[in-house]
Every structure is written in structure tokens, then in C-alpha cells.
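Undergrad: The following file, work.pdb, comprises PDB, C-alpha atoms, pLDDT in the B column:
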ATOM      1  CA  MET R   1      -0.970   1.031  15.348  1.00 60.00           C
ATOM      2  CA  ARG R   2      -2.222  -2.527  14.946  1.00 76.00           C
ATOM      3  CA  VAL R   3       0.038  -5.555  14.951  1.00 84.00           C
ATOM      4  CA  VAL R   4      -0.064  -7.291  11.573  1.00 94.00           C
ATOM      5  CA  SER R   5       0.920 -10.811  12.510  1.00 96.00           C
ATOM      6  CA  GLN R   6       1.391 -13.559   9.964  1.00 97.00           C
ATOM      7  CA  GLU R   7      -1.812 -15.148  11.279  1.00 97.00           C
ATOM      8  CA  LEU R   8      -3.820 -11.952  10.719  1.00 97.00           C
ATOM      9  CA  LEU R   9      -2.296 -11.497   7.264  1.00 98.00           C
ATOM     10  CA  GLU R  10      -3.204 -15.050   6.240  1.00 98.00           C
ATOM     11  CA  GLN R  11      -6.761 -14.518   7.524  1.00 97.00           C
ATOM     12  CA  LEU R  12      -7.071 -11.376   5.396  1.00 97.00           C
ATOM     13  CA  LEU R  13      -5.726 -13.195   2.337  1.00 98.00           C
ATOM     14  CA  ALA R  14      -8.054 -16.180   2.926  1.00 97.00           C
ATOM     15  CA  VAL R  15     -11.053 -13.893   2.373  1.00 97.00           C
ATOM     16  CA  GLY R  16      -9.947 -13.711  -1.265  1.00 96.00           C
ATOM     17  CA  ASN R  17     -10.575 -10.043  -1.921  1.00 94.00           C
ATOM     18  CA  GLU R  18      -9.280  -6.649  -0.957  1.00 95.00           C
ATOM     19  CA  SER R  19     -11.153  -4.438   1.484  1.00 94.00           C
ATOM     20  CA  GLN R  20     -11.274  -0.745   2.252  1.00 92.00           C
ATOM     21  CA  SER R  21      -8.273  -1.136   4.549  1.00 94.00           C
ATOM     22  CA  PHE R  22      -6.392  -4.030   2.897  1.00 96.00           C
ATOM     23  CA  GLU R  23      -4.725  -4.114  -0.519  1.00 97.00           C
ATOM     24  CA  VAL R  24      -2.355  -6.528  -2.226  1.00 98.00           C
ATOM     25  CA  LYS R  25       0.293  -5.826  -4.825  1.00 98.00           C
ATOM     26  CA  GLY R  26       1.824  -8.694  -6.753  1.00 97.00           C
ATOM     27  CA  PRO R  27       5.574  -9.155  -6.820  1.00 98.00           C
ATOM     28  CA  GLY R  28       7.710  -6.401  -8.286  1.00 98.00           C
ATOM     29  CA  ASP R  29      11.135  -4.849  -7.993  1.00 98.00           C
ATOM     30  CA  LEU R  30      11.882  -1.850  -5.793  1.00 98.00           C
ATOM     31  CA  SER R  31      13.851  -0.522  -8.785  1.00 97.00           C
ATOM     32  CA  ASP R  32      10.741  -0.657 -11.062  1.00 98.00           C
ATOM     33  CA  LYS R  33       9.393   2.923 -10.995  1.00 96.00           C
ATOM     34  CA  ALA R  34       5.916   1.987 -12.232  1.00 96.00           C
ATOM     35  CA  PHE R  35       5.564  -0.770  -9.617  1.00 98.00           C
ATOM     36  CA  VAL R  36       6.831   1.493  -6.823  1.00 98.00           C
ATOM     37  CA  ALA R  37       4.351   4.150  -7.993  1.00 97.00           C
ATOM     38  CA  ARG R  38       1.487   1.635  -7.644  1.00 97.00           C
ATOM     39  CA  VAL R  39       2.659   0.738  -4.139  1.00 98.00           C
ATOM     40  CA  ALA R  40       3.012   4.450  -3.275  1.00 97.00           C
ATOM     41  CA  ARG R  41      -0.524   5.123  -4.536  1.00 96.00           C
ATOM     42  CA  ALA R  42      -1.831   2.259  -2.373  1.00 97.00           C
ATOM     43  CA  ALA R  43       0.117   3.513   0.651  1.00 97.00           C
ATOM     44  CA  MET R  44      -1.147   7.087   0.190  1.00 97.00           C
ATOM     45  CA  SER R  45      -4.704   5.759  -0.135  1.00 95.00           C
ATOM     46  CA  MET R  46      -4.334   3.805   3.093  1.00 96.00           C
ATOM     47  CA  GLY R  47      -2.754   6.781   4.845  1.00 96.00           C
ATOM     48  CA  ASN R  48      -5.740   8.889   3.797  1.00 95.00           C
ATOM     49  CA  HIS R  49      -8.151   6.287   5.233  1.00 91.00           C
ATOM     50  CA  ARG R  50      -9.454   6.493   8.797  1.00 91.00           C
ATOM     51  CA  ASP R  51      -7.218   4.264  10.954  1.00 94.00           C
ATOM     52  CA  GLY R  52      -4.861   3.632   8.010  1.00 95.00           C
ATOM     53  CA  GLY R  53      -4.547   0.283   6.276  1.00 96.00           C
ATOM     54  CA  ILE R  54      -2.389  -2.593   5.145  1.00 98.00           C
ATOM     55  CA  VAL R  55      -0.565  -3.112   1.846  1.00 98.00           C
ATOM     56  CA  CYS R  56       0.757  -6.629   1.214  1.00 98.00           C
ATOM     57  CA  ILE R  57       3.492  -6.802  -1.435  1.00 98.00           C
ATOM     58  CA  GLY R  58       4.080 -10.131  -3.162  1.00 98.00           C
ATOM     59  CA  VAL R  59       0.602 -11.610  -3.530  1.00 98.00           C
ATOM     60  CA  ASP R  60      -1.328 -11.261  -6.768  1.00 97.00           C
ATOM     61  CA  GLU R  61      -4.951 -10.149  -6.383  1.00 95.00           C
ATOM     62  CA  LYS R  62      -6.156 -13.149  -8.438  1.00 96.00           C
ATOM     63  CA  GLN R  63      -4.202 -15.570  -6.229  1.00 97.00           C
ATOM     64  CA  MET R  64      -5.019 -14.159  -2.800  1.00 97.00           C
ATOM     65  CA  GLN R  65      -6.521 -17.309  -1.304  1.00 98.00           C
ATOM     66  CA  ALA R  66      -3.591 -19.384  -2.588  1.00 98.00           C
ATOM     67  CA  MET R  67      -1.244 -16.721  -1.134  1.00 98.00           C
ATOM     68  CA  LEU R  68       0.896 -16.707  -4.280  1.00 98.00           C
ATOM     69  CA  PRO R  69       3.207 -16.108  -6.078  1.00 98.00           C
ATOM     70  CA  GLY R  70       5.475 -14.349  -3.551  1.00 98.00           C
ATOM     71  CA  LEU R  71       8.566 -12.190  -3.861  1.00 98.00           C
ATOM     72  CA  SER R  72      11.863 -13.514  -5.183  1.00 98.00           C
ATOM     73  CA  PRO R  73      14.680 -13.571  -2.603  1.00 98.00           C
ATOM     74  CA  GLU R  74      16.130 -10.398  -4.170  1.00 98.00           C
ATOM     75  CA  GLN R  75      12.758  -8.625  -4.130  1.00 98.00           C
ATOM     76  CA  ALA R  76      12.104  -9.702  -0.524  1.00 98.00           C
ATOM     77  CA  ALA R  77      15.493  -8.345   0.545  1.00 98.00           C
ATOM     78  CA  ALA R  78      14.944  -5.012  -1.223  1.00 98.00           C
ATOM     79  CA  TRP R  79      11.354  -4.517  -0.001  1.00 98.00           C
ATOM     80  CA  GLY R  80      12.364  -5.678   3.484  1.00 98.00           C
ATOM     81  CA  ASP R  81      14.784  -2.757   3.873  1.00 98.00           C
ATOM     82  CA  TYR R  82      12.762  -0.073   5.681  1.00 98.00           C
ATOM     83  CA  ASP R  83      15.106   2.780   4.768  1.00 98.00           C
ATOM     84  CA  ASN R  84      15.030   1.969   1.046  1.00 97.00           C
ATOM     85  CA  VAL R  85      11.241   1.567   1.002  1.00 98.00           C
ATOM     86  CA  THR R  86      10.794   4.835   2.896  1.00 98.00           C
ATOM     87  CA  ALA R  87      13.043   6.638   0.409  1.00 97.00           C
ATOM     88  CA  ALA R  88      11.165   5.144  -2.555  1.00 97.00           C
ATOM     89  CA  LEU R  89       7.699   6.059  -1.237  1.00 97.00           C
ATOM     90  CA  THR R  90       8.735   9.531  -0.038  1.00 96.00           C
ATOM     91  CA  ARG R  91       9.509  10.496  -3.645  1.00 96.00           C
ATOM     92  CA  TYR R  92       5.769  10.432  -4.323  1.00 96.00           C
ATOM     93  CA  SER R  93       3.996  11.556  -1.135  1.00 96.00           C
ATOM     94  CA  ASP R  94       3.793  14.827   0.774  1.00 95.00           C
ATOM     95  CA  PRO R  95       3.774  14.464   3.711  1.00 95.00           C
ATOM     96  CA  ALA R  96       5.684  11.196   3.785  1.00 96.00           C
ATOM     97  CA  VAL R  97       3.652   8.063   4.408  1.00 97.00           C
ATOM     98  CA  VAL R  98       4.219   6.659   7.910  1.00 96.00           C
ATOM     99  CA  PHE R  99       4.258   2.880   8.176  1.00 97.00           C
ATOM    100  CA  THR R 100       5.752  -0.142   9.850  1.00 97.00           C
ATOM    101  CA  LEU R 101       7.236  -2.897   7.737  1.00 97.00           C
ATOM    102  CA  ASP R 102       7.240  -6.657   8.339  1.00 97.00           C
ATOM    103  CA  SER R 103       8.480  -9.555   6.211  1.00 98.00           C
ATOM    104  CA  TYR R 104       6.893 -13.001   6.306  1.00 98.00           C
ATOM    105  CA  VAL R 105       7.139 -16.376   4.640  1.00 98.00           C
ATOM    106  CA  LEU R 106       3.511 -17.474   4.403  1.00 98.00           C
ATOM    107  CA  SER R 107       2.256 -21.022   4.904  1.00 98.00           C
ATOM    108  CA  SER R 108       2.129 -21.260   1.081  1.00 98.00           C
ATOM    109  CA  GLY R 109       5.909 -20.711   1.040  1.00 98.00           C
ATOM    110  CA  ALA R 110       5.510 -17.239  -0.514  1.00 98.00           C
ATOM    111  CA  SER R 111       7.690 -14.413   0.793  1.00 98.00           C
ATOM    112  CA  VAL R 112       5.834 -11.132   1.306  1.00 98.00           C
ATOM    113  CA  VAL R 113       6.389  -7.702   2.802  1.00 98.00           C
ATOM    114  CA  VAL R 114       3.618  -5.911   4.675  1.00 98.00           C
ATOM    115  CA  LEU R 115       3.299  -2.150   5.047  1.00 98.00           C
ATOM    116  CA  ASP R 116       1.017  -1.184   7.924  1.00 98.00           C
ATOM    117  CA  VAL R 117       0.244   2.417   7.014  1.00 97.00           C
ATOM    118  CA  THR R 118      -0.801   4.923   9.668  1.00 96.00           C
ATOM    119  CA  GLU R 119      -3.613   7.411   9.080  1.00 95.00           C
ATOM    120  CA  PHE R 120      -2.261  10.876   8.284  1.00 93.00           C
ATOM    121  CA  ASP R 121      -1.609  13.099  11.272  1.00 91.00           C
ATOM    122  CA  THR R 122      -2.688  16.626  10.304  1.00 88.00           C
ATOM    123  CA  VAL R 123      -2.881  16.865   6.508  1.00 89.00           C
ATOM    124  CA  PRO R 124      -3.663  14.174   3.930  1.00 91.00           C
ATOM    125  CA  HIS R 125      -1.027  12.607   1.708  1.00 93.00           C
ATOM    126  CA  VAL R 126      -0.879  14.356  -1.648  1.00 92.00           C
ATOM    127  CA  CYS R 127       1.006  13.012  -4.634  1.00 92.00           C
ATOM    128  CA  LYS R 128       3.997  15.207  -5.398  1.00 94.00           C
ATOM    129  CA  ARG R 129       5.264  13.584  -8.596  1.00 92.00           C
ATOM    130  CA  THR R 130       3.621  12.419 -11.823  1.00 91.00           C
ATOM    131  CA  LEU R 131       4.407   8.970 -13.148  1.00 90.00           C
ATOM    132  CA  SER R 132       1.910   8.473 -15.938  1.00 90.00           C
ATOM    133  CA  PRO R 133      -0.451   6.700 -16.002  1.00 90.00           C
ATOM    134  CA  VAL R 134      -0.199   5.621 -12.346  1.00 91.00           C
ATOM    135  CA  LEU R 135       0.295   8.870 -10.412  1.00 91.00           C
ATOM    136  CA  GLN R 136      -0.513  12.511 -11.020  1.00 92.00           C
ATOM    137  CA  ASP R 137       1.103  15.405  -9.193  1.00 93.00           C
ATOM    138  CA  GLY R 138      -1.336  17.192  -6.878  1.00 91.00           C
ATOM    139  CA  MET R 139      -3.804  14.313  -6.573  1.00 91.00           C
ATOM    140  CA  THR R 140      -5.034  12.932  -3.267  1.00 89.00           C
ATOM    141  CA  TYR R 141      -5.705   9.187  -3.445  1.00 88.00           C
ATOM    142  CA  VAL R 142      -8.377   7.704  -1.177  1.00 87.00           C
ATOM    143  CA  ARG R 143     -10.225   4.420  -0.671  1.00 80.00           C
ATOM    144  CA  PRO R 144     -13.926   5.317  -0.754  1.00 73.00           C
ATOM    145  CA  ARG R 145     -16.683   3.399   0.976  1.00 69.00           C
ATOM    146  CA  GLY R 146     -18.216   0.622  -1.078  1.00 62.00           C
ATOM    147  CA  LYS R 147     -16.078  -1.153  -3.636  1.00 55.00           C
ATOM    148  CA  PRO R 148     -12.462  -1.342  -2.393  1.00 50.00           C
ATOM    149  CA  GLU R 149     -10.672   0.766  -4.967  1.00 50.00           C
ATOM    150  CA  ARG R 150      -8.778   4.020  -5.088  1.00 50.00           C
ATOM    151  CA  SER R 151     -10.314   7.220  -6.250  1.00 54.00           C
ATOM    152  CA  GLU R 152      -8.698  10.544  -6.973  1.00 60.00           C
ATOM    153  CA  GLU R 153      -9.557  13.805  -5.286  1.00 54.00           C
ATOM    154  CA  HIS R 154      -8.314  17.174  -6.513  1.00 50.00           C
ATOM    155  CA  THR R 155      -8.362  18.634  -3.032  1.00 47.00           C
ATOM    156  CA  SER R 156      -7.085  17.873   0.437  1.00 44.00           C
ATOM    157  CA  GLU R 157     -10.650  18.004   1.779  1.00 44.00           C
ATOM    158  CA  LEU R 158     -11.487  14.328   2.333  1.00 45.00           C
ATOM    159  CA  GLN R 159     -15.045  13.195   2.900  1.00 41.00           C
ATOM    160  CA  SER R 160     -14.149  10.813   5.738  1.00 42.00           C
ATOM    161  CA  HIS R 161     -12.419  13.518   7.835  1.00 39.00           C
TER     162      HIS R 161
END
Please lay out the structure from this file as C-alpha cells.
TA:
Amino acid sequence: MRVVSQELLEQLLAVGNESQSFEVKGPGDLSDKAFVARVARAAMSMGNHRDGGIVCIGVDEKQMQAMLPGLSPEQAAAWGDYDNVTAALTRYSDPAVVFTLDSYVLSSGASVVVLDVTEFDTVPHVCKRTLSPVLQDGMTYVRPRGKPERSEEHTSELQSH
């Protein structure tokens, strides 16, 4: 597992766009089911990617280089609690997504939480709960080569493995 330092995170954000192994999610509450579903989809996609990937929570995609807006203190506290985040993401993924969690206050002053997601061990992460329109039960979410975006696969047979 890589070490996602604040310096590395700020370098990734300075590029100004997501990559195949790096995704940002703007601020949102851990109690917001639709937001958690979007984070879970990103985490499953990273877990289904060779060598895993990084999900940064608190930075809006359109404000990546500015490293804004950041999480509120309440959001940062909730997303910074590993046990609560694990419980929230496990509702949607089978097997559970494996990740490390770090919290940072960026040089912009924005508070963020970083999930460093590990590549799946033996079987890919499959969505186990529908939350329309974000997640569909039985789907496998991946980050294909080319444009950094998620795609849906109806099978556990992934092209990169």
C-alpha cells in the first residue's frame, strides 16, 4: 500500500483533473445516502483497478487546483472515523472495500479525508445494494483505460485482470 502524504495529495490535486487511480468527491455528509453511494461507487472502482486508487473527499472536481471547498468540521469528524466509514461503504460492496484513511488540512485551509483503496484480493467488488440512480445491485464498477470515469460491468470478469 502506498503512503498518501499531504504533499502527494496536493501534487495530485495541482494537476487539476482526475486520473485512472485518483478521484475526488466534493464535500458531503456521511449521513447522506446518495453521497455515500457515490463515494462507495468510487471506492469499488478503485478497488477493482490494478494497484487500487485514491478517493479524496472534500474537494470539488471543478476546484481541484484551488483545493476547495473542503469538509465542514462536522463532516471531517464523521468521514475521519474509520469504523463509521467502513460500515457505510460495506453496505454497498461485496467483498468489503479495503482501505486506509487519512485526514488532512490542505495548504488552502480545506479539510479533506483520503481513502487509499487496495486492489481486490481474490474477487472483484460487486455492488450489493441498489440506490438509484447511483448504484445498481449486481454491478461491478471499474475505471477503464482512457478517460478517467467509471463504467459498469455485468460480470466479475474484469478486462484488466
Undergrad: Excluding segment 74-80 of chain R and residues on its chain fewer than 6 positions from it, collect all residues at most 7 Å away from it, counting all atoms listed in the file, and give them as a ChimeraX atom specification.
TA: /R:28-30,103,111-113
Undergrad: Mind giving me the straight-line distance from atom CA of Leu13 of chain R to atom CA of Val142 of chain R in Å, one decimal?
TA: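 Spanning atom CA of Leu13 of chain R to atom CA of Val142 of chain R is a straight-line distance of 21.4 Å.
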Undergrad: Please provide as a VMD selection string all residues within 9 Å of Ala43 of chain R, with the sequence filter that same-chain residues fewer than 6 positions apart are discarded (counting only C-alpha atoms).
TA: chain R and resid 52 to 55 89 97 to 99 115 to 117
Undergrad: Evaluate the PyMOL selection byres ((chain R and resi 127-138) around 10) against this structure - the residues, as a PDB file with C-alpha atoms, in the frame of the given file, please.
TA:
ATOM      1  CA  LYS R  33       9.393   2.923 -10.995  1.00 96.00           C
ATOM      2  CA  ALA R  34       5.916   1.987 -12.232  1.00 96.00           C
ATOM      3  CA  PHE R  35       5.564  -0.770  -9.617  1.00 98.00           C
ATOM      4  CA  VAL R  36       6.831   1.493  -6.823  1.00 98.00           C
ATOM      5  CA  ALA R  37       4.351   4.150  -7.993  1.00 97.00           C
ATOM      6  CA  ARG R  38       1.487   1.635  -7.644  1.00 97.00           C
ATOM      7  CA  VAL R  39       2.659   0.738  -4.139  1.00 98.00           C
ATOM      8  CA  ALA R  40       3.012   4.450  -3.275  1.00 97.00           C
ATOM      9  CA  ARG R  41      -0.524   5.123  -4.536  1.00 96.00           C
ATOM     10  CA  MET R  44      -1.147   7.087   0.190  1.00 97.00           C
ATOM     11  CA  THR R  90       8.735   9.531  -0.038  1.00 96.00           C
ATOM     12  CA  ARG R  91       9.509  10.496  -3.645  1.00 96.00           C
ATOM     13  CA  TYR R  92       5.769  10.432  -4.323  1.00 96.00           C
ATOM     14  CA  SER R  93       3.996  11.556  -1.135  1.00 96.00           C
ATOM     15  CA  ASP R  94       3.793  14.827   0.774  1.00 95.00           C
ATOM     16  CA  PRO R  95       3.774  14.464   3.711  1.00 95.00           C
ATOM     17  CA  ALA R  96       5.684  11.196   3.785  1.00 96.00           C
ATOM     18  CA  PRO R 124      -3.663  14.174   3.930  1.00 91.00           C
ATOM     19  CA  HIS R 125      -1.027  12.607   1.708  1.00 93.00           C
ATOM     20  CA  VAL R 126      -0.879  14.356  -1.648  1.00 92.00           C
ATOM     21  CA  MET R 139      -3.804  14.313  -6.573  1.00 91.00           C
ATOM     22  CA  THR R 140      -5.034  12.932  -3.267  1.00 89.00           C
ATOM     23  CA  TYR R 141      -5.705   9.187  -3.445  1.00 88.00           C
ATOM     24  CA  GLU R 152      -8.698  10.544  -6.973  1.00 60.00           C
ATOM     25  CA  GLU R 153      -9.557  13.805  -5.286  1.00 54.00           C
ATOM     26  CA  HIS R 154      -8.314  17.174  -6.513  1.00 50.00           C
ATOM     27  CA  THR R 155      -8.362  18.634  -3.032  1.00 47.00           C
ATOM     28  CA  SER R 156      -7.085  17.873   0.437  1.00 44.00           C
TER      29      SER R 156
END
Undergrad: Return the single residue from R:Met46, R:Leu9, R:Ala14, R:Leu71 that is closest to Gly26 of chain R, with distances computed using only C-alpha atoms.
TA: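 Smallest separation from Gly26 of chain R among the options: R:Leu71.
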Undergrad: When distances are computed from all atoms listed in the file, which of R:Asn84, R:Ser45, R:Gln63, R:Thr118 shows the smallest separation from Thr100 of chain R?
TA: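 Smallest distance to Thr100 of chain R is found for R:Thr118.
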Undergrad: Measuring atom to atom with only C-alpha atoms, identify which of R:Ser5, R:Gly47, R:Lys25, R:Gln11 is nearest to Arg143 of chain R.
TA: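 Counting only C-alpha atoms, the residue closest to Arg143 of chain R is R:Gly47.
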Undergrad: From the list R:Leu8, R:Val123, R:Val24, R:Ala110, which residue is nearest Lys62 of chain R when using all atoms listed in the file?
TA: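 The shortest atom-to-atom distance to Lys62 of chain R comes from R:Val24.
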Undergrad: Just to confirm, what's the straight-line distance from atom CA of Gln20 of chain R to atom CA of Tyr104 of chain R in Å (one decimal)?
TA: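 We find that atom CA of Gln20 of chain R and atom CA of Tyr104 of chain R lie 22.3 Å from each other.
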Undergrad: State, in Å with one decimal place, the distance from atom CA of Asp32 of chain R to atom CA of Thr86 of chain R.
TA: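 Separation of atom CA of Asp32 of chain R and atom CA of Thr86 of chain R: 15.0 Å.
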Undergrad: Please determine, counting only C-alpha atoms, which residue among R:Gln65, R:Ser31, R:Pro73, R:Asp102 has the shortest atom-to-atom distance to Ala87 of chain R.
TA: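 Closest to Ala87 of chain R of all the choices is R:Ser31.
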Undergrad: Of the residues R:His49, R:Glu119, R:Leu106, R:Arg2, which is the one nearest to Pro69 of chain R, using all atoms listed in the file?
TA: R:Leu106
Undergrad: Draw an axis-aligned box over all listed atoms of segment 54-61 of chain R, pad each side with 8 Å, and write its centre and edge lengths in Å, one decimal, as lines of an AutoDock Vina configuration file.
TA:
center_x = -0.4
center_y = -7.1
center_z = -0.8
size_x = 25.0
size_y = 25.0
size_z = 27.9
Undergrad: With N, CA, C and O atoms as the atom set, please write segment 82-109 of chain R from the structure just given, as an mmCIF file, in the first residue's frame.
TA:
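Below is the file that was written, decode-v4.cif:
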data_model
loop_
_atom_site.group_PDB
_atom_site.id
_atom_site.type_symbol
_atom_site.label_atom_id
_atom_site.label_comp_id
_atom_site.auth_asym_id
_atom_site.auth_seq_id
_atom_site.Cartn_x
_atom_site.Cartn_y
_atom_site.Cartn_z
ATOM 1 N N TYR R 82 -12.808 5.925 10.931
ATOM 2 C CA TYR R 82 -12.611 4.738 10.088
ATOM 3 C C TYR R 82 -13.749 3.722 10.246
ATOM 4 O O TYR R 82 -14.252 3.194 9.247
ATOM 5 N N ASP R 83 -14.146 3.446 11.464
ATOM 6 C CA ASP R 83 -15.188 2.448 11.696
ATOM 7 C C ASP R 83 -16.509 2.845 11.046
ATOM 8 O O ASP R 83 -17.188 2.011 10.438
ATOM 9 N N ASN R 84 -16.886 4.112 11.168
ATOM 10 C CA ASN R 84 -18.138 4.575 10.561
ATOM 11 C C ASN R 84 -18.078 4.550 9.038
ATOM 12 O O ASN R 84 -19.050 4.187 8.377
ATOM 13 N N VAL R 85 -16.933 4.937 8.470
ATOM 14 C CA VAL R 85 -16.785 4.925 7.015
ATOM 15 C C VAL R 85 -16.808 3.483 6.507
ATOM 16 O O VAL R 85 -17.471 3.177 5.514
ATOM 17 N N THR R 86 -16.116 2.590 7.200
ATOM 18 C CA THR R 86 -16.127 1.184 6.814
ATOM 19 C C THR R 86 -17.554 0.636 6.823
ATOM 20 O O THR R 86 -17.975 -0.046 5.874
ATOM 21 N N ALA R 87 -18.295 0.923 7.867
ATOM 22 C CA ALA R 87 -19.682 0.450 7.962
ATOM 23 C C ALA R 87 -20.525 1.006 6.822
ATOM 24 O O ALA R 87 -21.330 0.279 6.221
ATOM 25 N N ALA R 88 -20.347 2.279 6.505
ATOM 26 C CA ALA R 88 -21.133 2.913 5.438
ATOM 27 C C ALA R 88 -20.818 2.299 4.075
ATOM 28 O O ALA R 88 -21.730 2.005 3.294
ATOM 29 N N LEU R 89 -19.537 2.070 3.780
ATOM 30 C CA LEU R 89 -19.157 1.540 2.472
ATOM 31 C C LEU R 89 -19.481 0.050 2.343
ATOM 32 O O LEU R 89 -19.820 -0.420 1.258
ATOM 33 N N THR R 90 -19.407 -0.681 3.451
ATOM 34 C CA THR R 90 -19.670 -2.118 3.430
ATOM 35 C C THR R 90 -21.125 -2.417 3.081
ATOM 36 O O THR R 90 -21.429 -3.492 2.563
ATOM 37 N N ARG R 91 -22.018 -1.474 3.303
ATOM 38 C CA ARG R 91 -23.425 -1.675 2.933
ATOM 39 C C ARG R 91 -23.582 -1.890 1.431
ATOM 40 O O ARG R 91 -24.573 -2.453 0.977
ATOM 41 N N TYR R 92 -22.621 -1.400 0.652
ATOM 42 C CA TYR R 92 -22.762 -1.405 -0.801
ATOM 43 C C TYR R 92 -21.823 -2.351 -1.531
ATOM 44 O O TYR R 92 -22.011 -2.581 -2.725
ATOM 45 N N SER R 93 -20.792 -2.873 -0.903
ATOM 46 C CA SER R 93 -19.780 -3.645 -1.611
ATOM 47 C C SER R 93 -19.610 -5.048 -1.042
ATOM 48 O O SER R 93 -19.559 -5.240 0.168
ATOM 49 N N ASP R 94 -19.495 -6.022 -1.951
ATOM 50 C CA ASP R 94 -19.191 -7.392 -1.579
ATOM 51 C C ASP R 94 -18.106 -7.897 -2.510
ATOM 52 O O ASP R 94 -18.333 -7.939 -3.718
ATOM 53 N N PRO R 95 -16.916 -8.242 -2.028
ATOM 54 C CA PRO R 95 -16.484 -8.139 -0.645
ATOM 55 C C PRO R 95 -16.296 -6.679 -0.234
ATOM 56 O O PRO R 95 -16.327 -5.785 -1.077
ATOM 57 N N ALA R 96 -16.097 -6.473 1.042
ATOM 58 C CA ALA R 96 -15.899 -5.109 1.550
ATOM 59 C C ALA R 96 -14.652 -4.487 0.932
ATOM 60 O O ALA R 96 -13.667 -5.171 0.666
ATOM 61 N N VAL R 97 -14.724 -3.194 0.694
ATOM 62 C CA VAL R 97 -13.581 -2.448 0.177
ATOM 63 C C VAL R 97 -12.556 -2.317 1.305
ATOM 64 O O VAL R 97 -12.907 -1.993 2.444
ATOM 65 N N VAL R 98 -11.289 -2.560 0.989
ATOM 66 C CA VAL R 98 -10.207 -2.431 1.957
ATOM 67 C C VAL R 98 -9.472 -1.130 1.667
ATOM 68 O O VAL R 98 -9.073 -0.878 0.523
ATOM 69 N N PHE R 99 -9.292 -0.317 2.696
ATOM 70 C CA PHE R 99 -8.658 0.984 2.502
ATOM 71 C C PHE R 99 -8.008 1.461 3.788
ATOM 72 O O PHE R 99 -8.314 0.973 4.871
ATOM 73 N N THR R 100 -7.108 2.428 3.628
ATOM 74 C CA THR R 100 -6.622 3.189 4.772
ATOM 75 C C THR R 100 -7.256 4.562 4.669
ATOM 76 O O THR R 100 -7.689 4.978 3.587
ATOM 77 N N LEU R 101 -7.325 5.250 5.771
ATOM 78 C CA LEU R 101 -7.993 6.545 5.827
ATOM 79 C C LEU R 101 -7.058 7.553 6.491
ATOM 80 O O LEU R 101 -6.466 7.258 7.531
ATOM 81 N N ASP R 102 -6.922 8.719 5.866
ATOM 82 C CA ASP R 102 -6.145 9.817 6.441
ATOM 83 C C ASP R 102 -6.942 11.103 6.324
ATOM 84 O O ASP R 102 -7.699 11.286 5.363
ATOM 85 N N SER R 103 -6.772 11.985 7.295
ATOM 86 C CA SER R 103 -7.399 13.309 7.278
ATOM 87 C C SER R 103 -6.309 14.357 7.181
ATOM 88 O O SER R 103 -5.265 14.234 7.840
ATOM 89 N N TYR R 104 -6.552 15.384 6.365
ATOM 90 C CA TYR R 104 -5.580 16.460 6.197
ATOM 91 C C TYR R 104 -6.282 17.805 6.158
ATOM 92 O O TYR R 104 -7.435 17.903 5.737
ATOM 93 N N VAL R 105 -5.553 18.839 6.570
ATOM 94 C CA VAL R 105 -5.934 20.214 6.292
ATOM 95 C C VAL R 105 -4.935 20.688 5.249
ATOM 96 O O VAL R 105 -3.726 20.785 5.516
ATOM 97 N N LEU R 106 -5.419 20.927 4.034
ATOM 98 C CA LEU R 106 -4.558 21.284 2.918
ATOM 99 C C LEU R 106 -4.022 22.705 3.064
ATOM 100 O O LEU R 106 -4.527 23.488 3.875
ATOM 101 N N SER R 107 -3.037 23.044 2.240
ATOM 102 C CA SER R 107 -2.458 24.383 2.289
ATOM 103 C C SER R 107 -3.485 25.458 1.956
ATOM 104 O O SER R 107 -3.316 26.619 2.324
ATOM 105 N N SER R 108 -4.588 25.082 1.305
ATOM 106 C CA SER R 108 -5.682 26.014 1.009
ATOM 107 C C SER R 108 -6.553 26.261 2.241
ATOM 108 O O SER R 108 -7.431 27.115 2.223
ATOM 109 N N GLY R 109 -6.334 25.476 3.301
ATOM 110 C CA GLY R 109 -7.158 25.558 4.503
ATOM 111 C C GLY R 109 -8.315 24.570 4.494
ATOM 112 O O GLY R 109 -9.047 24.454 5.480
#
